[in-house]
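Student: Handing you a structure now.
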Amino acid sequence: MSEQHTYRVIVRGTWEGLTEESRARLLAEAGDHGMASMRFTEEGSLSYEPSPLKHFSMRFVVVSDAADGEEMAGAIAEDRAETVLRGLGHGFGELRSTVTDLDTMKINRKSRSRR
């Protein structure tokens with residue numbers, strides 16, 4: 001079994017081809033999908049601004065084989081985003097992702113002398 005890494009992935013996209021029903025639902029639920037809802041979860045958290053209703057982002061936690069790398073983690077998150085958005089009935093355009101490998105991320109800690 002290969003080593004597993006945990007990735008944080010932000011998937012971004014634009015709303016496209018929204019029906020009137022979908023647009024109305026997004027506007028009505030906008031309060032649930034603002035800055036306060038931004039969390040990295042396995043199922044993804046959707047965030048967007050209602051005015052203008054143009055762009056969105058989803059945040060995911062992906063656990064994947066380290067050998068597959070960040071590209072695979074991004075592809076997994078984009079697939080999850082497509083599944084969620086289609087399930088909700090929302091139209092969207094091309095997705096792009098930004099991936100951070102939490103297991104290789106360097107953390108700069110303040111030294112005692114700098115406090």
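So you can find residues: chains in the structure tokens are A, B, ... in the order shown, residues in each start at 1, and ligands are numbered from 1 in order.
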Env of range 83-93 of chain A: 7 Å cut, atoms = only C-alpha atoms, seq-sep filter 2 positions within chain, self excluded. Answer as number ranges by chain.

Tutor: A: 13-18, 22, 79-81, 95

Student: Could the residues in this selection be written to a file with C-alpha atoms, as a PDB file, in the first residue's frame?

Tutor:
```
ATOM      1  CA  GLY A  13     -15.787  27.902 -11.969  1.00  0.00           C
ATOM      2  CA  THR A  14     -18.466  30.091 -13.485  1.00  0.00           C
ATOM      3  CA  TRP A  15     -22.195  29.582 -13.563  1.00  0.00           C
ATOM      4  CA  GLU A  16     -23.402  28.889 -17.101  1.00  0.00           C
ATOM      5  CA  GLY A  17     -26.786  28.032 -18.549  1.00  0.00           C
ATOM      6  CA  LEU A  18     -28.653  28.497 -15.281  1.00  0.00           C
ATOM      7  CA  SER A  22     -31.761  27.334 -10.505  1.00  0.00           C
ATOM      8  CA  ASP A  79     -15.105  15.264 -10.433  1.00  0.00           C
ATOM      9  CA  ARG A  80     -16.723  15.639  -6.999  1.00  0.00           C
ATOM     10  CA  ALA A  81     -17.663  19.246  -7.813  1.00  0.00           C
ATOM     11  CA  LEU A  95     -13.590  23.987 -13.727  1.00  0.00           C
TER      12      LEU A  95
END
```

Student: May I have all residues of chain A that DSSP, computed from the backbone, assigns to helix (DSSP H, G or I), given as a ChimeraX atom specification?

Tutor: /A:20-28,30-33,35-37,66-88,112-114

Student: What separation in Å, quoted to one decimal, exists between CA of Arg25 in chain A and CA of Val61 in chain A?

Tutor: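 According to the coordinates, CA of Arg25 in chain A and CA of Val61 in chain A are separated by 26.0 Å.
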
Student: Which residues are close to range 28-33 of chain A, i.e. within 7 Å by only C-alpha atoms, leaving aside same-chain residues fewer than 5 positions away? Reply as a list in words.

Tutor: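 Close residues of range 28-33 of chain A: Leu46, Ser47, Tyr48, Glu49 and Pro50 of chain A.
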
Student: Grab the residues selected above and save them as a short mmCIF file (atom, residue, chain, number, x, y, z; two decimals), in the first residue's frame with N, CA, C and O atoms.

Tutor:
```
data_model
loop_
_atom_site.label_atom_id
_atom_site.label_comp_id
_atom_site.auth_asym_id
_atom_site.auth_seq_id
_atom_site.Cartn_x
_atom_site.Cartn_y
_atom_site.Cartn_z
N LEU A 46 -19.66 24.80 -0.96
CA LEU A 46 -19.89 25.73 -2.06
C LEU A 46 -19.97 27.15 -1.53
O LEU A 46 -20.62 27.41 -0.53
N SER A 47 -19.29 28.07 -2.22
CA SER A 47 -19.40 29.48 -1.86
C SER A 47 -19.48 30.32 -3.13
O SER A 47 -18.89 29.99 -4.15
N TYR A 48 -20.27 31.41 -3.04
CA TYR A 48 -20.43 32.32 -4.17
C TYR A 48 -21.05 33.62 -3.68
O TYR A 48 -21.63 33.68 -2.60
N GLU A 49 -20.89 34.65 -4.47
CA GLU A 49 -21.50 35.94 -4.21
C GLU A 49 -22.77 36.05 -5.06
O GLU A 49 -22.74 35.71 -6.24
N PRO A 50 -23.86 36.54 -4.49
CA PRO A 50 -25.10 36.61 -5.25
C PRO A 50 -25.13 37.73 -6.30
O PRO A 50 -25.90 37.67 -7.25
#
```

Student: Among chain A, which residues does DSSP mark as strand (DSSP E or B) when it is run on the backbone? Keep the chain and numbering as in the structure and answer as a tab-separated table (two decimals) with N, CA, C and O atoms, in the first residue's frame.

Tutor:
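In the end it all went to states_3.tsv:
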```tsv
chain	number	residue	atom	x	y	z
A	4	GLN	N	-0.36	7.73	1.76
A	4	GLN	CA	-1.50	8.60	1.49
A	4	GLN	C	-1.15	10.03	1.90
A	4	GLN	O	-0.51	10.23	2.94
A	5	HIS	N	-1.55	10.99	1.10
A	5	HIS	CA	-1.40	12.40	1.45
A	5	HIS	C	-2.77	13.04	1.50
A	5	HIS	O	-3.71	12.59	0.85
A	6	THR	N	-2.86	14.09	2.29
A	6	THR	CA	-4.09	14.86	2.40
A	6	THR	C	-3.90	16.17	1.65
A	6	THR	O	-2.92	16.87	1.86
A	7	TYR	N	-4.85	16.45	0.77
A	7	TYR	CA	-4.78	17.65	-0.06
A	7	TYR	C	-5.98	18.54	0.23
A	7	TYR	O	-7.09	18.04	0.45
A	8	ARG	N	-5.75	19.83	0.19
A	8	ARG	CA	-6.84	20.81	0.20
A	8	ARG	C	-6.94	21.34	-1.21
A	8	ARG	O	-5.94	21.80	-1.78
A	9	VAL	N	-8.13	21.26	-1.76
A	9	VAL	CA	-8.33	21.65	-3.16
A	9	VAL	C	-9.44	22.69	-3.25
A	9	VAL	O	-10.53	22.48	-2.71
A	10	ILE	N	-9.14	23.78	-3.94
A	10	ILE	CA	-10.16	24.79	-4.24
A	10	ILE	C	-10.49	24.65	-5.72
A	10	ILE	O	-9.61	24.75	-6.57
A	11	VAL	N	-11.74	24.35	-6.00
A	11	VAL	CA	-12.23	24.22	-7.38
A	11	VAL	C	-13.02	25.49	-7.69
A	11	VAL	O	-13.94	25.84	-6.95
A	12	ARG	N	-12.65	26.16	-8.77
A	12	ARG	CA	-13.32	27.41	-9.17
A	12	ARG	C	-14.00	27.22	-10.52
A	12	ARG	O	-13.53	26.45	-11.35
A	13	GLY	N	-15.08	27.97	-10.70
A	13	GLY	CA	-15.79	27.90	-11.97
A	13	GLY	C	-16.74	29.06	-12.11
A	13	GLY	O	-16.83	29.94	-11.25
A	14	THR	N	-17.45	29.07	-13.23
A	14	THR	CA	-18.47	30.09	-13.49
A	14	THR	C	-19.80	29.40	-13.71
A	14	THR	O	-19.86	28.27	-14.20
A	15	TRP	N	-20.85	30.09	-13.30
A	15	TRP	CA	-22.20	29.58	-13.56
A	15	TRP	C	-22.48	29.78	-15.04
A	15	TRP	O	-22.22	30.85	-15.59
A	41	THR	N	-13.98	20.29	3.20
A	41	THR	CA	-14.62	19.05	3.63
A	41	THR	C	-14.51	18.02	2.52
A	41	THR	O	-14.26	18.36	1.36
A	45	SER	N	-17.59	22.25	0.09
A	45	SER	CA	-18.44	23.36	0.52
A	45	SER	C	-18.46	24.40	-0.60
A	45	SER	O	-17.43	24.78	-1.13
A	46	LEU	N	-19.66	24.80	-0.96
A	46	LEU	CA	-19.89	25.73	-2.06
A	46	LEU	C	-19.97	27.15	-1.53
A	46	LEU	O	-20.62	27.41	-0.53
A	47	SER	N	-19.29	28.07	-2.22
A	47	SER	CA	-19.40	29.48	-1.86
A	47	SER	C	-19.48	30.32	-3.13
A	47	SER	O	-18.89	29.99	-4.15
A	48	TYR	N	-20.27	31.41	-3.04
A	48	TYR	CA	-20.43	32.32	-4.17
A	48	TYR	C	-21.05	33.62	-3.68
A	48	TYR	O	-21.63	33.68	-2.60
A	55	HIS	N	-19.45	33.74	-10.53
A	55	HIS	CA	-18.39	32.79	-10.17
A	55	HIS	C	-18.74	32.04	-8.89
A	55	HIS	O	-19.50	32.53	-8.06
A	56	PHE	N	-18.15	30.87	-8.72
A	56	PHE	CA	-18.30	30.10	-7.50
A	56	PHE	C	-16.99	29.39	-7.20
A	56	PHE	O	-16.11	29.28	-8.05
A	57	SER	N	-16.87	28.90	-5.98
A	57	SER	CA	-15.75	28.04	-5.62
A	57	SER	C	-16.27	26.96	-4.69
A	57	SER	O	-17.28	27.13	-4.00
A	58	MET	N	-15.57	25.84	-4.71
A	58	MET	CA	-15.88	24.75	-3.80
A	58	MET	C	-14.57	24.30	-3.17
A	58	MET	O	-13.54	24.26	-3.84
A	59	ARG	N	-14.62	23.97	-1.90
A	59	ARG	CA	-13.43	23.54	-1.18
A	59	ARG	C	-13.58	22.08	-0.77
A	59	ARG	O	-14.61	21.71	-0.20
A	60	PHE	N	-12.54	21.31	-1.05
A	60	PHE	CA	-12.55	19.88	-0.77
A	60	PHE	C	-11.30	19.45	-0.02
A	60	PHE	O	-10.23	20.04	-0.20
A	61	VAL	N	-11.45	18.39	0.77
A	61	VAL	CA	-10.32	17.65	1.31
A	61	VAL	C	-10.29	16.34	0.54
A	61	VAL	O	-11.31	15.65	0.43
A	62	VAL	N	-9.13	16.03	-0.03
A	62	VAL	CA	-8.96	14.80	-0.81
A	62	VAL	C	-7.80	14.03	-0.20
A	62	VAL	O	-6.71	14.57	-0.04
A	63	VAL	N	-8.02	12.77	0.14
A	63	VAL	CA	-6.95	11.88	0.58
A	63	VAL	C	-6.67	10.94	-0.58
A	63	VAL	O	-7.57	10.26	-1.07
A	64	SER	N	-5.40	10.95	-1.03
A	64	SER	CA	-5.05	10.21	-2.24
A	64	SER	C	-3.62	9.70	-2.12
A	64	SER	O	-2.85	10.18	-1.28
A	65	ASP	N	-3.27	8.75	-2.96
A	65	ASP	CA	-1.90	8.23	-2.98
A	65	ASP	C	-0.93	9.35	-3.32
A	65	ASP	O	-1.12	10.08	-4.29
A	92	PHE	N	-22.82	24.92	-15.15
A	92	PHE	CA	-21.51	25.49	-14.86
A	92	PHE	C	-20.59	25.29	-16.06
A	92	PHE	O	-20.83	24.44	-16.91
A	96	ARG	N	-11.50	24.71	-12.76
A	96	ARG	CA	-10.05	24.70	-12.58
A	96	ARG	C	-9.79	24.59	-11.07
A	96	ARG	O	-10.59	25.06	-10.26
A	97	SER	N	-8.66	24.00	-10.73
A	97	SER	CA	-8.42	23.75	-9.31
A	97	SER	C	-7.02	24.20	-8.89
A	97	SER	O	-6.09	24.25	-9.69
A	98	THR	N	-6.92	24.52	-7.61
A	98	THR	CA	-5.66	24.84	-6.95
A	98	THR	C	-5.50	23.84	-5.82
A	98	THR	O	-6.41	23.68	-5.00
A	99	VAL	N	-4.35	23.17	-5.77
A	99	VAL	CA	-4.15	22.07	-4.83
A	99	VAL	C	-2.99	22.39	-3.88
A	99	VAL	O	-1.95	22.87	-4.31
A	100	THR	N	-3.20	22.09	-2.59
A	100	THR	CA	-2.15	22.20	-1.59
A	100	THR	C	-1.99	20.85	-0.91
A	100	THR	O	-2.96	20.30	-0.39
A	101	ASP	N	-0.77	20.31	-0.93
A	101	ASP	CA	-0.47	19.05	-0.26
A	101	ASP	C	-0.12	19.38	1.19
A	101	ASP	O	0.93	19.95	1.48
```

Student: For the atom pair CA of Lys54 in chain A and CA of Ala36 in chain A, what is the interatomic distance in Å to one decimal place?

Tutor: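 Separating CA of Lys54 in chain A from CA of Ala36 in chain A is a distance of 18.9 Å.
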
Student: So how far away is CA of Ala24 in chain A from CA of Pro52 in chain A, in Å?

Tutor: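 Those two atoms sit 13.0 Å apart.
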